[in-house]
Amino acid sequence: MAEVELRAVTKNFGKVAVCRGIDLQVADGEFVTLLGPSGCGKTTTLNLVAGLEDASAGDILIGGRRVNDFTPFERDVAMVFQNYALYPHMTVAENIGFTLRLRGIGRAGRRQRVAEVAESLELSGVLDRLPAQLSGGQQQRVALGRAIIREPQVFLFDEPFSNLDAGLRIKMRAEVKELHQRLRVTSIFVTHDQEEALSLSDRIAVMREGAIEQYGTPAEVYARPASKYVARFIGSPPLEFLPGRVEGEGGLPVFRVGAAAFPLPLRTAERLVQGAQTFALGVRPEHVVLSPAGIRATVRLAQPVGPATFVTLAWEGGELVARVPGMASFAAGSAVHFQVDREEHLMFFDDHQGRRLATE
Amino acid sequence: MAGRRVGRLVGPSIVVVGLALFVVITIGPLAWLVISSFMEQQALTTRPPDFSAASFTLANYTGVFAAAAQLGQGFANSFLVALFTTAVAIAVGAPAAYALARLELPGADAILLMILGTQMLPGIVIAIPLFIVMSHLGLVDTRSALIIVYLSFNLPIVIWILRGFFLAIPRGIERAAAVDGATTAQIFRLIVLPISLAPLFATGVFAFIESWNEFFFALILTRQSARTAPLVISQFAGQYQTVFGQMMAAAALAIAPVVALAVLFRNMIMKGFAEGMVKG
């Protein structure tokens, strides 16, 4: 059992509060990602779990034990660092086996364990090389090997792929996911890459200015973001927000954004007009479909990316991005009609605090 | 276009001229030292010096070797003093520098300032008190006195230089070692020291040369048995006559070891001082 729990954890550096009361539960065997832009406190949070920083207040529990006063080693965690942090003067075998050496395990025992781990990571051929003689991907695997050989209760990853090129990053992402499926070790992964977070995680904690803005499954944070901040941070291209107001049109409620009128479910319309707040509309590109019956707009820009084409549609007073399957071609300035595929895909955020209006 | 091309040439030219000037100023006296060590006293003292083939001789060196017993003793003293000073400065300075770079010590900044403060006093100010202390301790004219004094000004510099190197080591490496289960002492011994060999060596060479060349305190604190090479050389300037050629020959011999040290290990020294950090 190695669930990880943070209870009202804060961390101050001088007068700067980097973590402001973080509550987080990671179940045994779960893969959780801390996602956010640089400076949001995600790496500091990870360091607090690792024991590389001391919490200013709050409790950190690993496997039900309070570990605030434990050294990193006593916490039984293994960490993969951003720049691999391999020991440059040691061979691959020595790097992977360093922790066993510190534990007083003999040369023969070390060699056998290192060989096993190296085998599983396809590093058997490079055990005698120094880190500088390895490719980026190999260095990354050595860093993984150093973590795996510990058989720790918890894996911590601090933006481990940020130094890799795009192709390798996707390959390593798959390797880490497979590794987690094989070992089922509780893992906390820090990244600023939303796609990485979505593809790897059981749950994602979206962080903002030292606090968790939303904690949920990838599907939840993507489809039901708690706020504008989360909605914009997750998803590519980033969501645009369209300020507008509720009106009646032919006896039916619509949300009017300039010249465009989006039909609304009655219940949503009621909620939108209840308070004094104003709202902005957000729609994910895949929910915007071209349809002759829809709202009239002109094509401002078409960006084919392979499996899909992102088409920026503009009308008087607003614009939206539609995701059209395949490599479609659109002439800039041509007229099209669009609509939102289902009414529940209209997301409304209050303009003041940025919270999403619950319409479920 | 033409203007930019000229600009592109002017920048580097200034650098080249500047560096050339620096080299001439630095090498000039050394070159003169070596040349004059091979010249007759008379050729040296005429103005302008006489550079004809007949002026050159090996007599200065044979003269110096005639006084070899004295000079040999001076070299031995210099070598032992410099070696001990360097060894102790590195052995004590490296852990101190690491502690000041990485451990959260209360008052670390104050300690650093105090260490720097010891460098503020001109030597002449402490010379007399130092002599009195050494004579009370019965250490005047001993190598120990010189080692103690040289440590007092080498150690702070070693600490400051090494602290800079240790600060430049990517933190992740040490953190990884901590997560792997290493204590602070193990991190220092098994990770930091092995990857800092070049800076340690460069700093060591620096401390060695400082001690080897030191003249002032050696003059004050030694009389006969502990005299170092620079002192012995200076005695070629006698009471009635300065034997320039021999003095130069002795000086050339004295700088030979440090020049050899610098040339032999120049790659390591440059690596140590220029990189100053280890890439992870």
# chains A, B, ... in the order shown; residues from 1 in each chain; ligands from 1
$ select_by_dssp --residues "segment 131-272 of chain B" --states "alpha helix (DSSP H)" --output "mmCIF file with N, CA and C atoms, in the first residue's frame"
data_model
loop_
_atom_site.group_PDB
_atom_site.id
_atom_site.type_symbol
_atom_site.label_atom_id
_atom_site.label_comp_id
_atom_site.auth_asym_id
_atom_site.auth_seq_id
_atom_site.Cartn_x
_atom_site.Cartn_y
_atom_site.Cartn_z
ATOM 1 N N PHE B 131 55.087 38.012 13.437
ATOM 2 C CA PHE B 131 56.443 37.642 13.849
ATOM 3 C C PHE B 131 56.490 37.392 15.350
ATOM 4 N N ILE B 132 55.809 38.297 16.107
ATOM 5 C CA ILE B 132 55.813 38.154 17.564
ATOM 6 C C ILE B 132 55.148 36.836 17.976
ATOM 7 N N VAL B 133 54.014 36.560 17.355
ATOM 8 C CA VAL B 133 53.307 35.308 17.669
ATOM 9 C C VAL B 133 54.207 34.117 17.366
ATOM 10 N N MET B 134 54.813 34.130 16.184
ATOM 11 C CA MET B 134 55.649 33.000 15.777
ATOM 12 C C MET B 134 56.856 32.842 16.690
ATOM 13 N N SER B 135 57.396 33.952 17.124
ATOM 14 C CA SER B 135 58.573 33.814 17.983
ATOM 15 C C SER B 135 58.171 33.291 19.362
ATOM 16 N N HIS B 136 56.986 33.684 19.841
ATOM 17 C CA HIS B 136 56.489 33.107 21.094
ATOM 18 C C HIS B 136 56.274 31.611 20.969
ATOM 19 N N ARG B 143 59.693 25.745 8.705
ATOM 20 C CA ARG B 143 58.761 25.627 7.579
ATOM 21 C C ARG B 143 57.312 25.668 8.065
ATOM 22 N N SER B 144 57.107 25.183 9.298
ATOM 23 C CA SER B 144 55.741 25.177 9.833
ATOM 24 C C SER B 144 55.166 26.588 9.870
ATOM 25 N N ALA B 145 56.006 27.546 10.280
ATOM 26 C CA ALA B 145 55.532 28.930 10.355
ATOM 27 C C ALA B 145 55.030 29.383 8.984
ATOM 28 N N LEU B 146 55.819 29.071 7.940
ATOM 29 C CA LEU B 146 55.429 29.490 6.596
ATOM 30 C C LEU B 146 54.144 28.791 6.151
ATOM 31 N N ILE B 147 54.048 27.505 6.468
ATOM 32 C CA ILE B 147 52.832 26.759 6.067
ATOM 33 C C ILE B 147 51.606 27.382 6.721
ATOM 34 N N ILE B 148 51.728 27.699 8.025
ATOM 35 C CA ILE B 148 50.586 28.294 8.739
ATOM 36 C C ILE B 148 50.202 29.623 8.098
ATOM 37 N N VAL B 149 51.191 30.446 7.843
ATOM 38 C CA VAL B 149 50.906 31.769 7.282
ATOM 39 C C VAL B 149 50.341 31.665 5.869
ATOM 40 N N TYR B 150 50.936 30.799 5.055
ATOM 41 C CA TYR B 150 50.452 30.670 3.677
ATOM 42 C C TYR B 150 49.034 30.115 3.648
ATOM 43 N N LEU B 151 48.758 29.211 4.597
ATOM 44 C CA LEU B 151 47.386 28.686 4.667
ATOM 45 C C LEU B 151 46.407 29.807 4.974
ATOM 46 N N SER B 152 46.846 30.731 5.829
ATOM 47 C CA SER B 152 45.926 31.795 6.248
ATOM 48 C C SER B 152 45.510 32.660 5.074
ATOM 49 N N PHE B 153 46.339 32.788 4.071
ATOM 50 C CA PHE B 153 45.824 33.538 2.920
ATOM 51 C C PHE B 153 45.441 32.690 1.716
ATOM 52 N N ASN B 154 45.884 31.436 1.676
ATOM 53 C CA ASN B 154 45.459 30.566 0.579
ATOM 54 C C ASN B 154 44.097 29.938 0.822
ATOM 55 N N LEU B 155 43.861 29.560 2.066
ATOM 56 C CA LEU B 155 42.618 28.865 2.386
ATOM 57 C C LEU B 155 41.373 29.687 2.032
ATOM 58 N N PRO B 156 41.328 30.972 2.413
ATOM 59 C CA PRO B 156 40.133 31.755 2.040
ATOM 60 C C PRO B 156 39.910 31.814 0.535
ATOM 61 N N ILE B 157 41.026 31.957 -0.221
ATOM 62 C CA ILE B 157 40.868 32.045 -1.681
ATOM 63 C C ILE B 157 40.377 30.711 -2.228
ATOM 64 N N VAL B 158 40.964 29.633 -1.714
ATOM 65 C CA VAL B 158 40.548 28.297 -2.158
ATOM 66 C C VAL B 158 39.062 28.095 -1.865
ATOM 67 N N ILE B 159 38.636 28.501 -0.677
ATOM 68 C CA ILE B 159 37.218 28.330 -0.308
ATOM 69 C C ILE B 159 36.329 29.120 -1.259
ATOM 70 N N TRP B 160 36.703 30.351 -1.530
ATOM 71 C CA TRP B 160 35.872 31.176 -2.418
ATOM 72 C C TRP B 160 35.819 30.617 -3.829
ATOM 73 N N ILE B 161 36.976 30.205 -4.338
ATOM 74 C CA ILE B 161 36.986 29.680 -5.709
ATOM 75 C C ILE B 161 36.169 28.391 -5.792
ATOM 76 N N LEU B 162 36.418 27.465 -4.856
ATOM 77 C CA LEU B 162 35.732 26.170 -4.934
ATOM 78 C C LEU B 162 34.242 26.307 -4.687
ATOM 79 N N ARG B 163 33.879 27.234 -3.815
ATOM 80 C CA ARG B 163 32.451 27.441 -3.560
ATOM 81 C C ARG B 163 31.741 27.812 -4.871
ATOM 82 N N GLY B 164 32.405 28.673 -5.655
ATOM 83 C CA GLY B 164 31.834 29.049 -6.952
ATOM 84 C C GLY B 164 31.633 27.826 -7.840
ATOM 85 N N PHE B 165 32.615 26.936 -7.865
ATOM 86 C CA PHE B 165 32.483 25.722 -8.680
ATOM 87 C C PHE B 165 31.347 24.850 -8.173
ATOM 88 N N PHE B 166 31.296 24.664 -6.881
ATOM 89 C CA PHE B 166 30.278 23.757 -6.320
ATOM 90 C C PHE B 166 28.877 24.317 -6.565
ATOM 91 N N LEU B 167 28.760 25.641 -6.502
ATOM 92 C CA LEU B 167 27.447 26.251 -6.760
ATOM 93 C C LEU B 167 26.995 25.990 -8.189
ATOM 94 N N ALA B 168 27.989 25.835 -9.085
ATOM 95 C CA ALA B 168 27.648 25.673 -10.500
ATOM 96 C C ALA B 168 27.290 24.231 -10.856
ATOM 97 N N ARG B 171 22.057 21.088 -9.474
ATOM 98 C CA ARG B 171 21.550 20.576 -8.211
ATOM 99 C C ARG B 171 20.937 19.198 -8.324
ATOM 100 N N GLY B 172 20.369 18.944 -9.505
ATOM 101 C CA GLY B 172 19.678 17.671 -9.709
ATOM 102 C C GLY B 172 20.563 16.473 -9.399
ATOM 103 N N ILE B 173 21.849 16.575 -9.740
ATOM 104 C CA ILE B 173 22.754 15.440 -9.525
ATOM 105 C C ILE B 173 22.835 15.104 -8.037
ATOM 106 N N GLU B 174 22.976 16.139 -7.207
ATOM 107 C CA GLU B 174 23.074 15.900 -5.771
ATOM 108 C C GLU B 174 21.733 15.429 -5.211
ATOM 109 N N ARG B 175 20.648 15.977 -5.764
ATOM 110 C CA ARG B 175 19.327 15.566 -5.290
ATOM 111 C C ARG B 175 19.084 14.110 -5.649
ATOM 112 N N ALA B 176 19.498 13.736 -6.869
ATOM 113 C CA ALA B 176 19.336 12.347 -7.286
ATOM 114 C C ALA B 176 20.079 11.432 -6.316
ATOM 115 N N ALA B 177 21.279 11.847 -5.918
ATOM 116 C CA ALA B 177 22.061 11.034 -4.989
ATOM 117 C C ALA B 177 21.367 10.948 -3.633
ATOM 118 N N ALA B 178 20.762 12.054 -3.209
ATOM 119 C CA ALA B 178 20.044 12.050 -1.925
ATOM 120 C C ALA B 178 18.868 11.077 -1.992
ATOM 121 N N VAL B 179 18.146 11.100 -3.129
ATOM 122 C CA VAL B 179 17.016 10.189 -3.285
ATOM 123 C C VAL B 179 17.529 8.737 -3.350
ATOM 124 N N THR B 184 24.850 13.458 3.133
ATOM 125 C CA THR B 184 25.552 14.635 2.614
ATOM 126 C C THR B 184 27.040 14.343 2.431
ATOM 127 N N ALA B 185 27.609 13.638 3.396
ATOM 128 C CA ALA B 185 29.037 13.310 3.303
ATOM 129 C C ALA B 185 29.296 12.398 2.105
ATOM 130 N N GLN B 186 28.382 11.452 1.872
ATOM 131 C CA GLN B 186 28.562 10.549 0.726
ATOM 132 C C GLN B 186 28.380 11.292 -0.592
ATOM 133 N N LEU B 193 33.131 15.448 -5.328
ATOM 134 C CA LEU B 193 34.587 15.455 -5.509
ATOM 135 C C LEU B 193 35.012 14.831 -6.840
ATOM 136 N N PRO B 194 34.503 13.652 -7.179
ATOM 137 C CA PRO B 194 34.950 13.066 -8.456
ATOM 138 C C PRO B 194 34.618 13.921 -9.678
ATOM 139 N N ILE B 195 33.500 14.648 -9.651
ATOM 140 C CA ILE B 195 33.206 15.454 -10.836
ATOM 141 C C ILE B 195 33.846 16.827 -10.754
ATOM 142 N N LEU B 197 37.231 17.200 -10.176
ATOM 143 C CA LEU B 197 38.685 17.009 -10.180
ATOM 144 C C LEU B 197 39.409 18.156 -10.878
ATOM 145 N N ALA B 198 38.887 18.592 -12.028
ATOM 146 C CA ALA B 198 39.574 19.658 -12.765
ATOM 147 C C ALA B 198 39.614 20.958 -11.953
ATOM 148 N N PRO B 199 38.490 21.425 -11.423
ATOM 149 C CA PRO B 199 38.557 22.630 -10.587
ATOM 150 C C PRO B 199 39.433 22.453 -9.351
ATOM 151 N N LEU B 200 39.389 21.282 -8.728
ATOM 152 C CA LEU B 200 40.228 21.045 -7.550
ATOM 153 C C LEU B 200 41.696 21.160 -7.930
ATOM 154 N N PHE B 201 42.026 20.561 -9.067
ATOM 155 C CA PHE B 201 43.404 20.575 -9.506
ATOM 156 C C PHE B 201 43.848 22.006 -9.844
ATOM 157 N N ALA B 202 42.994 22.714 -10.581
ATOM 158 C CA ALA B 202 43.329 24.090 -10.965
ATOM 159 C C ALA B 202 43.525 24.954 -9.722
ATOM 160 N N THR B 203 42.652 24.791 -8.750
ATOM 161 C CA THR B 203 42.767 25.567 -7.522
ATOM 162 C C THR B 203 44.036 25.190 -6.771
ATOM 163 N N GLY B 204 44.341 23.899 -6.795
ATOM 164 C CA GLY B 204 45.557 23.418 -6.139
ATOM 165 C C GLY B 204 46.804 24.029 -6.764
ATOM 166 N N VAL B 205 46.836 24.055 -8.099
ATOM 167 C CA VAL B 205 47.982 24.648 -8.795
ATOM 168 C C VAL B 205 48.121 26.119 -8.407
ATOM 169 N N PHE B 206 46.968 26.788 -8.331
ATOM 170 C CA PHE B 206 46.953 28.192 -7.951
ATOM 171 C C PHE B 206 47.581 28.371 -6.555
ATOM 172 N N ALA B 207 47.134 27.558 -5.600
ATOM 173 C CA ALA B 207 47.636 27.667 -4.230
ATOM 174 C C ALA B 207 49.125 27.347 -4.187
ATOM 175 N N PHE B 208 49.533 26.343 -4.983
ATOM 176 C CA PHE B 208 50.940 25.944 -5.007
ATOM 177 C C PHE B 208 51.809 27.094 -5.503
ATOM 178 N N ILE B 209 51.379 27.725 -6.598
ATOM 179 C CA ILE B 209 52.168 28.817 -7.185
ATOM 180 C C ILE B 209 52.233 30.003 -6.215
ATOM 181 N N GLU B 210 51.101 30.317 -5.600
ATOM 182 C CA GLU B 210 51.079 31.404 -4.610
ATOM 183 C C GLU B 210 52.123 31.164 -3.525
ATOM 184 N N SER B 211 52.155 29.952 -3.008
ATOM 185 C CA SER B 211 53.088 29.639 -1.929
ATOM 186 C C SER B 211 54.525 29.617 -2.433
ATOM 187 N N TRP B 212 54.701 29.035 -3.593
ATOM 188 C CA TRP B 212 56.049 28.903 -4.164
ATOM 189 C C TRP B 212 56.682 30.286 -4.376
ATOM 190 N N ASN B 213 55.895 31.230 -4.834
ATOM 191 C CA ASN B 213 56.429 32.549 -5.192
ATOM 192 C C ASN B 213 56.525 33.517 -4.026
ATOM 193 N N PHE B 216 57.575 37.989 0.803
ATOM 194 C CA PHE B 216 57.557 38.927 1.925
ATOM 195 C C PHE B 216 57.573 38.234 3.292
ATOM 196 N N PHE B 217 56.617 37.322 3.511
ATOM 197 C CA PHE B 217 56.544 36.663 4.818
ATOM 198 C C PHE B 217 57.729 35.726 5.025
ATOM 199 N N ALA B 218 58.192 35.124 3.923
ATOM 200 C CA ALA B 218 59.368 34.271 4.041
ATOM 201 C C ALA B 218 60.560 35.096 4.513
ATOM 202 N N LEU B 219 60.649 36.314 4.026
ATOM 203 C CA LEU B 219 61.744 37.198 4.407
ATOM 204 C C LEU B 219 61.698 37.497 5.904
ATOM 205 N N ILE B 220 60.475 37.725 6.403
ATOM 206 C CA ILE B 220 60.325 38.123 7.789
ATOM 207 C C ILE B 220 60.453 36.944 8.753
ATOM 208 N N LEU B 221 59.918 35.804 8.344
ATOM 209 C CA LEU B 221 59.779 34.698 9.297
ATOM 210 C C LEU B 221 60.900 33.669 9.227
ATOM 211 N N ALA B 229 63.206 29.438 -1.874
ATOM 212 C CA ALA B 229 63.932 29.749 -3.112
ATOM 213 C C ALA B 229 63.960 31.248 -3.430
ATOM 214 N N PRO B 230 62.835 31.962 -3.376
ATOM 215 C CA PRO B 230 62.890 33.390 -3.717
ATOM 216 C C PRO B 230 63.886 34.156 -2.847
ATOM 217 N N LEU B 231 63.997 33.761 -1.561
ATOM 218 C CA LEU B 231 64.947 34.453 -0.670
ATOM 219 C C LEU B 231 66.374 34.181 -1.069
ATOM 220 N N VAL B 232 66.654 32.911 -1.357
ATOM 221 C CA VAL B 232 68.016 32.550 -1.739
ATOM 222 C C VAL B 232 68.422 33.307 -3.002
ATOM 223 N N ILE B 233 67.473 33.389 -3.926
ATOM 224 C CA ILE B 233 67.762 34.097 -5.187
ATOM 225 C C ILE B 233 68.083 35.558 -4.910
ATOM 226 N N SER B 234 67.304 36.147 -4.026
ATOM 227 C CA SER B 234 67.494 37.579 -3.770
ATOM 228 C C SER B 234 68.889 37.849 -3.214
ATOM 229 N N PHE B 244 73.760 40.221 -11.469
ATOM 230 C CA PHE B 244 72.523 40.122 -12.221
ATOM 231 C C PHE B 244 72.349 38.775 -12.909
ATOM 232 N N GLY B 245 73.371 38.390 -13.628
ATOM 233 C CA GLY B 245 73.280 37.175 -14.438
ATOM 234 C C GLY B 245 72.919 35.981 -13.586
ATOM 235 N N GLN B 246 73.620 35.833 -12.450
ATOM 236 C CA GLN B 246 73.365 34.668 -11.597
ATOM 237 C C GLN B 246 71.974 34.749 -10.958
ATOM 238 N N MET B 247 71.622 35.987 -10.592
ATOM 239 C CA MET B 247 70.302 36.177 -10.004
ATOM 240 C C MET B 247 69.217 35.747 -10.984
ATOM 241 N N MET B 248 69.430 36.157 -12.240
ATOM 242 C CA MET B 248 68.457 35.802 -13.266
ATOM 243 C C MET B 248 68.448 34.296 -13.505
ATOM 244 N N ALA B 249 69.620 33.705 -13.502
ATOM 245 C CA ALA B 249 69.703 32.253 -13.721
ATOM 246 C C ALA B 249 68.972 31.526 -12.592
ATOM 247 N N ALA B 250 69.187 31.986 -11.355
ATOM 248 C CA ALA B 250 68.527 31.350 -10.216
ATOM 249 C C ALA B 250 67.007 31.536 -10.305
ATOM 250 N N ALA B 251 66.628 32.747 -10.719
ATOM 251 C CA ALA B 251 65.187 33.022 -10.842
ATOM 252 C C ALA B 251 64.566 32.154 -11.928
ATOM 253 N N ALA B 252 65.315 32.010 -13.046
ATOM 254 C CA ALA B 252 64.802 31.175 -14.136
ATOM 255 C C ALA B 252 64.602 29.753 -13.632
ATOM 256 N N LEU B 253 65.563 29.274 -12.829
ATOM 257 C CA LEU B 253 65.426 27.923 -12.282
ATOM 258 C C LEU B 253 64.232 27.847 -11.329
ATOM 259 N N ALA B 254 63.990 28.951 -10.601
ATOM 260 C CA ALA B 254 62.915 28.948 -9.615
ATOM 261 C C ALA B 254 61.541 28.921 -10.264
ATOM 262 N N ILE B 255 61.432 29.618 -11.400
ATOM 263 C CA ILE B 255 60.093 29.624 -12.019
ATOM 264 C C ILE B 255 59.883 28.391 -12.887
ATOM 265 N N ALA B 256 60.977 27.688 -13.184
ATOM 266 C CA ALA B 256 60.845 26.540 -14.074
ATOM 267 C C ALA B 256 59.794 25.542 -13.595
ATOM 268 N N PRO B 257 59.791 25.159 -12.311
ATOM 269 C CA PRO B 257 58.802 24.162 -11.880
ATOM 270 C C PRO B 257 57.363 24.638 -12.074
ATOM 271 N N VAL B 258 57.073 25.898 -11.753
ATOM 272 C CA VAL B 258 55.689 26.343 -11.881
ATOM 273 C C VAL B 258 55.290 26.491 -13.334
ATOM 274 N N VAL B 259 56.269 26.923 -14.170
ATOM 275 C CA VAL B 259 55.959 27.010 -15.602
ATOM 276 C C VAL B 259 55.690 25.606 -16.139
ATOM 277 N N ALA B 260 56.544 24.659 -15.715
ATOM 278 C CA ALA B 260 56.359 23.278 -16.161
ATOM 279 C C ALA B 260 54.995 22.766 -15.720
ATOM 280 N N LEU B 261 54.635 23.062 -14.490
ATOM 281 C CA LEU B 261 53.341 22.650 -13.934
ATOM 282 C C LEU B 261 52.201 23.190 -14.793
ATOM 283 N N ALA B 262 52.335 24.490 -15.106
ATOM 284 C CA ALA B 262 51.274 25.145 -15.867
ATOM 285 C C ALA B 262 51.184 24.572 -17.282
ATOM 286 N N VAL B 263 52.371 24.313 -17.901
ATOM 287 C CA VAL B 263 52.360 23.818 -19.278
ATOM 288 C C VAL B 263 51.861 22.387 -19.331
ATOM 289 N N LEU B 264 52.354 21.551 -18.403
ATOM 290 C CA LEU B 264 51.975 20.139 -18.397
ATOM 291 C C LEU B 264 50.473 19.966 -18.213
ATOM 292 N N ARG B 266 48.050 22.292 -18.555
ATOM 293 C CA ARG B 266 47.279 23.453 -18.987
ATOM 294 C C ARG B 266 45.842 23.100 -19.378
ATOM 295 N N ASN B 267 45.667 21.912 -19.990
ATOM 296 C CA ASN B 267 44.305 21.531 -20.372
ATOM 297 C C ASN B 267 43.409 21.416 -19.147
ATOM 298 N N MET B 268 43.948 20.771 -18.129
ATOM 299 C CA MET B 268 43.165 20.534 -16.920
ATOM 300 C C MET B 268 42.884 21.859 -16.211
ATOM 301 N N ILE B 269 43.894 22.742 -16.187
ATOM 302 C CA ILE B 269 43.722 24.024 -15.504
ATOM 303 C C ILE B 269 42.673 24.855 -16.236
ATOM 304 N N MET B 270 42.794 24.865 -17.574
ATOM 305 C CA MET B 270 41.838 25.666 -18.344
ATOM 306 C C MET B 270 40.434 25.100 -18.202
#
$ residues_around --residues "Asp59 of chain A" --least-positions-apart "3" --cutoff "8 Å" --atoms "only C-alpha atoms" --output "PyMOL selection string"
chain A and resi 6-9+66-68
$ select_by_dssp --residues "segment 48-78 of chain A" --states "strand (DSSP E or B)" --output "PyMOL selection string"
chain A and resi 57-62+65-66+77-78
$ closest_atom_pairs --of "segment 63-97 of chain A" --to "segment 120-144 of chain A" --cutoff "6 Å" --atoms "only C-alpha atoms" --output "tab-separated table"
residue	atom	partner	partner_atom	distance
A:Val80	CA	A:Ala143	CA	5.9
A:Tyr84	CA	A:Ala143	CA	5.6
A:Pro88	CA	A:Pro131	CA	5.8
A:Thr91	CA	A:Leu130	CA	4.4
A:Val92	CA	A:Leu127	CA	4.8
A:Ala93	CA	A:Leu127	CA	4.9
$ write_last_selection --atoms "N, CA and C atoms" --output "short mmCIF file (atom, residue, chain, number, x, y, z; two decimals), in the first residue's frame"
data_model
loop_
_atom_site.label_atom_id
_atom_site.label_comp_id
_atom_site.auth_asym_id
_atom_site.auth_seq_id
_atom_site.Cartn_x
_atom_site.Cartn_y
_atom_site.Cartn_z
N VAL A 80 12.80 10.75 -11.08
CA VAL A 80 13.45 10.98 -12.37
C VAL A 80 13.47 12.48 -12.59
N TYR A 84 17.79 14.61 -16.40
CA TYR A 84 18.26 13.24 -16.14
C TYR A 84 19.06 13.16 -14.85
N PRO A 88 27.83 12.05 -13.94
CA PRO A 88 28.58 12.07 -15.20
C PRO A 88 29.87 11.23 -15.16
N THR A 91 29.70 5.00 -15.02
CA THR A 91 29.15 4.32 -16.18
C THR A 91 27.66 4.10 -15.97
N VAL A 92 27.01 3.66 -17.04
CA VAL A 92 25.57 3.39 -16.96
C VAL A 92 25.30 2.39 -15.83
N ALA A 93 26.11 1.32 -15.79
CA ALA A 93 25.90 0.29 -14.75
C ALA A 93 26.07 0.90 -13.36
#
$ closest_residue --among "A:Glu94, A:Asp158, A:Asp193, A:Glu220" --to "Ile191 of chain B" --atoms "only C-alpha atoms"
A:Glu94
$ closest_residue --among "A:Pro152, A:Phe31, A:Ala293, A:Pro307" --to "Ser199 of chain A" --atoms "only C-alpha atoms"
A:Phe31
$ interface_residues --of "chain A" --to "chain B" --cutoff "10 Å" --atoms "only C-alpha atoms" --output "PDB file with C-alpha atoms, in the first residue's frame"
ATOM      1  CA  ASN A  47      10.096  18.110  -4.160  1.00  0.00           C
ATOM      2  CA  ALA A  50      10.310  13.615  -2.337  1.00  0.00           C
ATOM      3  CA  GLY A  51      11.681  15.258   0.792  1.00  0.00           C
ATOM      4  CA  LEU A  52      14.043  17.509  -1.170  1.00  0.00           C
ATOM      5  CA  THR A  71      14.866  11.903   4.391  1.00  0.00           C
ATOM      6  CA  PRO A  72      14.147  11.263   0.695  1.00  0.00           C
ATOM      7  CA  PHE A  73      15.578   7.783   1.081  1.00  0.00           C
ATOM      8  CA  GLU A  74      13.483   6.957   4.140  1.00  0.00           C
ATOM      9  CA  ARG A  75      10.365   7.956   2.238  1.00  0.00           C
ATOM     10  CA  ASP A  76      11.138   5.154  -0.189  1.00  0.00           C
ATOM     11  CA  VAL A  77      10.511   7.246  -3.277  1.00  0.00           C
ATOM     12  CA  ALA A  78      12.470   7.264  -6.529  1.00  0.00           C
ATOM     13  CA  MET A  79      12.711  10.309  -8.712  1.00  0.00           C
ATOM     14  CA  VAL A  80      13.451  10.976 -12.369  1.00  0.00           C
ATOM     15  CA  PHE A  81      14.811  14.471 -12.824  1.00  0.00           C
ATOM     16  CA  GLN A  82      14.328  17.034 -15.537  1.00  0.00           C
ATOM     17  CA  ASN A  83      17.880  16.955 -16.908  1.00  0.00           C
ATOM     18  CA  TYR A  84      18.260  13.242 -16.142  1.00  0.00           C
ATOM     19  CA  ALA A  85      20.754  14.189 -13.385  1.00  0.00           C
ATOM     20  CA  LEU A  86      22.942  11.204 -14.197  1.00  0.00           C
ATOM     21  CA  TYR A  87      26.255  10.975 -12.384  1.00  0.00           C
ATOM     22  CA  PRO A  88      28.584  12.066 -15.202  1.00  0.00           C
ATOM     23  CA  HIS A  89      31.663  10.248 -13.844  1.00  0.00           C
ATOM     24  CA  MET A  90      29.946   6.873 -13.495  1.00  0.00           C
ATOM     25  CA  ASN A  95      24.597   4.948 -12.272  1.00  0.00           C
ATOM     26  CA  ILE A  96      21.848   2.366 -12.078  1.00  0.00           C
ATOM     27  CA  GLY A  97      23.543   0.438  -9.292  1.00  0.00           C
ATOM     28  CA  PHE A  98      24.556   3.434  -7.167  1.00  0.00           C
ATOM     29  CA  THR A  99      21.645   3.093  -4.773  1.00  0.00           C
ATOM     30  CA  LEU A 100      22.435  -0.606  -4.227  1.00  0.00           C
ATOM     31  CA  ARG A 101      26.069   0.270  -3.535  1.00  0.00           C
ATOM     32  CA  LEU A 102      24.931   2.767  -0.897  1.00  0.00           C
ATOM     33  CA  ARG A 103      22.870   0.005   0.665  1.00  0.00           C
ATOM     34  CA  PRO A 131      26.300   9.221 -19.739  1.00  0.00           C
ATOM     35  CA  ALA A 132      27.961  11.687 -22.117  1.00  0.00           C
ATOM     36  CA  ALA A 143      17.396   7.724 -15.301  1.00  0.00           C
ATOM     37  CA  ARG A 146      18.013   4.201 -11.587  1.00  0.00           C
ATOM     38  CA  ALA A 147      14.482   4.707 -10.310  1.00  0.00           C
ATOM     39  CA  ARG A 150      14.963   0.817  -6.119  1.00  0.00           C
TER      40      ARG A 150
END
$ atom_distance --atom1 "atom CA of Ala31 of chain B" --atom2 "atom CA of Val64 of chain B"
19.2 Å
$ atom_distance --atom1 "atom CA of Val288 of chain A" --atom2 "atom CA of Met347 of chain A"
12.5 Å
$ atom_distance --atom1 "atom CA of Asp141 of chain B" --atom2 "atom CA of Ala82 of chain B"
15.7 Å
$ decode --residues "segment 159-166 of chain A" --atoms "C-alpha atoms" --output "tab-separated table (two decimals), in the first residue's frame"
chain	number	residue	atom	x	y	z
A	159	GLU	CA	9.33	16.97	-16.37
A	160	PRO	CA	11.43	14.03	-17.50
A	161	PHE	CA	10.92	14.55	-21.24
A	162	SER	CA	11.43	18.28	-21.51
A	163	ASN	CA	14.91	17.88	-23.03
A	164	LEU	CA	13.89	15.38	-25.68
A	165	ASP	CA	12.87	16.19	-29.23
A	166	ALA	CA	9.20	15.82	-30.13
